[in-house]
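Notes follow once the structure below has been shown.
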Amino acid sequence: MVEIRYFAAIADAVGKDSETLDFPAGATVADLRAALSATYGPDLDKMLSVCAYLIGDELTRDPAAALSPRVDVLPPFAGG
């Protein structure tokens, strides 16, 4: 089981702040994106493609990165 936490625009797009999904051992960010797009629609993948993923203590955009028990999905934040 992987706890997925959503922030900002992604939380708005999926309508929740978090959920728990079942992935096999060795699942990757690409697997997560595919599952979320299948659940919430292909338009979400456009948003997910520009997100960063906090996996453990590492921030990544690598689709081949292995999932950890908790993954934060972080869209780009405006600021300045």
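If you're wondering about the labels, chains in the structure tokens are A, B, ... by order shown, residues count from 1 in each chain, ligands from 1 in order shown.
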For the contact check between segment 42-76 of chain A and segment 6-20 of chain A, emit one row per residue of segment 42-76 of chain A within 10 Å, containing the shortest atom pair and the distance in Å rounded to one decimal, counting only C-alpha atoms, chain then rising number order, as a Markdown table.
| residue | atom | partner | partner_atom | distance |
| --- | --- | --- | --- | --- |
| A:Asp43 | CA | A:Ala13 | CA | 9.7 |
| A:Leu44 | CA | A:Ala13 | CA | 7.4 |
| A:Met47 | CA | A:Ile10 | CA | 7.4 |
| A:Leu48 | CA | A:Ile10 | CA | 7.9 |
| A:Cys51 | CA | A:Ile10 | CA | 8.8 |
| A:Tyr53 | CA | A:Tyr6 | CA | 10.0 |
| A:Pro69 | CA | A:Thr20 | CA | 9.5 |
| A:Arg70 | CA | A:Thr20 | CA | 8.9 |
| A:Val71 | CA | A:Tyr6 | CA | 8.8 |
| A:Asp72 | CA | A:Tyr6 | CA | 6.1 |
| A:Val73 | CA | A:Tyr6 | CA | 5.1 |
| A:Leu74 | CA | A:Phe7 | CA | 5.8 |
| A:Pro75 | CA | A:Ile10 | CA | 6.6 |
| A:Pro76 | CA | A:Ala9 | CA | 9.0 |
| Non-local contacts of segment 24-27 of chain A (10 Å; only C-alpha atoms; under 5 positions in same chain excluded) as a ChimeraX atom specification | /A:1-2,32,64-68
| request: Identify, on the basis of only C-alpha atoms, every residue whose closest approach to Arg33 of chain A does not exceed 10 Å; exclude the query and any residue fewer than 4 positions from it along the same chain; express the result as a ChimeraX atom specification. | output: /A:28-29,37-39,42,44-49,63
Requested write-out: all heavy atoms of the selected residues, as a tab-separated table (two decimals), in the first residue's frame:
chain	number	residue	atom	x	y	z
A	28	THR	N	6.71	2.23	-9.90
A	28	THR	CA	7.42	3.48	-10.14
A	28	THR	C	6.47	4.67	-10.25
A	28	THR	O	5.24	4.50	-10.28
A	28	THR	CB	8.21	3.38	-11.45
A	28	THR	OG1	7.26	3.25	-12.53
A	28	THR	CG2	9.18	2.21	-11.47
A	29	VAL	N	7.07	5.84	-10.36
A	29	VAL	CA	6.29	7.06	-10.59
A	29	VAL	C	5.45	6.91	-11.86
A	29	VAL	O	4.30	7.33	-11.91
A	29	VAL	CB	7.20	8.30	-10.66
A	29	VAL	CG1	6.46	9.52	-11.21
A	29	VAL	CG2	7.80	8.61	-9.29
A	37	SER	N	-4.14	8.54	-13.87
A	37	SER	CA	-4.78	8.94	-15.13
A	37	SER	C	-5.95	8.03	-15.47
A	37	SER	O	-6.97	8.50	-15.97
A	37	SER	CB	-3.76	8.94	-16.27
A	37	SER	OG	-2.77	9.91	-16.04
A	38	ALA	N	-5.80	6.74	-15.19
A	38	ALA	CA	-6.90	5.80	-15.44
A	38	ALA	C	-8.09	6.09	-14.54
A	38	ALA	O	-9.24	5.94	-14.95
A	38	ALA	CB	-6.41	4.37	-15.24
A	39	THR	N	-7.80	6.52	-13.31
A	39	THR	CA	-8.87	6.79	-12.34
A	39	THR	C	-9.52	8.16	-12.57
A	39	THR	O	-10.75	8.27	-12.53
A	39	THR	CB	-8.32	6.73	-10.90
A	39	THR	OG1	-7.78	5.42	-10.69
A	39	THR	CG2	-9.40	7.01	-9.88
A	42	PRO	N	-7.50	11.26	-18.50
A	42	PRO	CA	-6.22	11.53	-19.16
A	42	PRO	C	-5.74	12.98	-19.01
A	42	PRO	O	-4.55	13.24	-19.11
A	42	PRO	CB	-6.47	11.17	-20.63
A	42	PRO	CG	-7.95	11.19	-20.79
A	42	PRO	CD	-8.53	10.85	-19.45
A	44	LEU	N	-5.53	14.60	-16.38
A	44	LEU	CA	-4.71	14.69	-15.17
A	44	LEU	C	-3.25	14.39	-15.49
A	44	LEU	O	-2.36	14.96	-14.87
A	44	LEU	CB	-5.23	13.73	-14.09
A	44	LEU	CG	-4.52	13.87	-12.75
A	44	LEU	CD1	-4.82	15.22	-12.11
A	44	LEU	CD2	-4.93	12.75	-11.82
A	45	ASP	N	-2.99	13.53	-16.47
A	45	ASP	CA	-1.60	13.19	-16.78
A	45	ASP	C	-0.81	14.41	-17.23
A	45	ASP	O	0.39	14.50	-16.96
A	45	ASP	CB	-1.50	12.08	-17.82
A	45	ASP	CG	-0.10	11.51	-17.88
A	45	ASP	OD1	0.40	11.05	-16.82
A	45	ASP	OD2	0.52	11.56	-18.95
A	46	LYS	N	-1.46	15.35	-17.90
A	46	LYS	CA	-0.77	16.58	-18.30
A	46	LYS	C	-0.28	17.33	-17.06
A	46	LYS	O	0.84	17.84	-17.04
A	46	LYS	CB	-1.69	17.48	-19.13
A	46	LYS	CG	-2.06	16.88	-20.46
A	46	LYS	CD	-3.10	17.73	-21.16
A	46	LYS	CE	-3.64	17.01	-22.38
A	46	LYS	NZ	-4.77	17.67	-22.98
A	47	MET	N	-1.10	17.37	-16.03
A	47	MET	CA	-0.71	18.02	-14.78
A	47	MET	C	0.39	17.21	-14.09
A	47	MET	O	1.37	17.77	-13.61
A	47	MET	CB	-1.91	18.18	-13.85
A	47	MET	CG	-2.99	19.09	-14.39
A	47	MET	SD	-4.44	19.15	-13.31
A	47	MET	CE	-3.79	20.03	-11.91
A	48	LEU	N	0.23	15.90	-14.05
A	48	LEU	CA	1.20	15.05	-13.37
A	48	LEU	C	2.58	15.10	-14.03
A	48	LEU	O	3.59	14.93	-13.37
A	48	LEU	CB	0.70	13.61	-13.32
A	48	LEU	CG	-0.55	13.37	-12.49
A	48	LEU	CD1	-1.06	11.95	-12.70
A	48	LEU	CD2	-0.30	13.65	-11.02
A	49	SER	N	2.61	15.37	-15.33
A	49	SER	CA	3.89	15.39	-16.05
A	49	SER	C	4.78	16.55	-15.62
A	49	SER	O	6.00	16.50	-15.82
A	49	SER	CB	3.66	15.43	-17.56
A	49	SER	OG	3.14	16.69	-17.95
A	63	PRO	N	10.38	9.36	-13.96
A	63	PRO	CA	9.28	8.39	-14.01
A	63	PRO	C	9.71	6.98	-13.60
A	63	PRO	O	8.86	6.17	-13.24
A	63	PRO	CB	8.81	8.42	-15.46
A	63	PRO	CG	9.83	9.17	-16.22
A	63	PRO	CD	10.68	9.94	-15.27
| Would you give me, as a list in words, the residues in chain A that DSSP reads as strand (DSSP E)? |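 Answer for chain A restricted to strand (DSSP E) is Val2, Glu3, Ile4, Arg5, Tyr6, Ser18, Glu19, Thr20, Leu21, Ala52, Tyr53, Leu54, Ile55, Glu58, Leu59, Thr60, Arg70, Val71, Asp72, Val73 and Leu74 of chain A.
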| field | Backbone DSSP call of helix (DSSP H, G or I) for segment 21-53 of chain A, listed as a PyMOL selection string | value | chain A and resi 29-40+43-48
| request: Can you work out the spacing between atom CA of Gly56 of chain A and atom CA of Gly41 of chain A in Å, to one decimal? | output: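 Going from atom CA of Gly56 of chain A over to atom CA of Gly41 of chain A covers 26.8 Å.
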| Distance in Å - atom CA of Asp62 of chain A versus atom CA of Leu21 of chain A |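 Between these atoms lies a distance of 19.8 Å.
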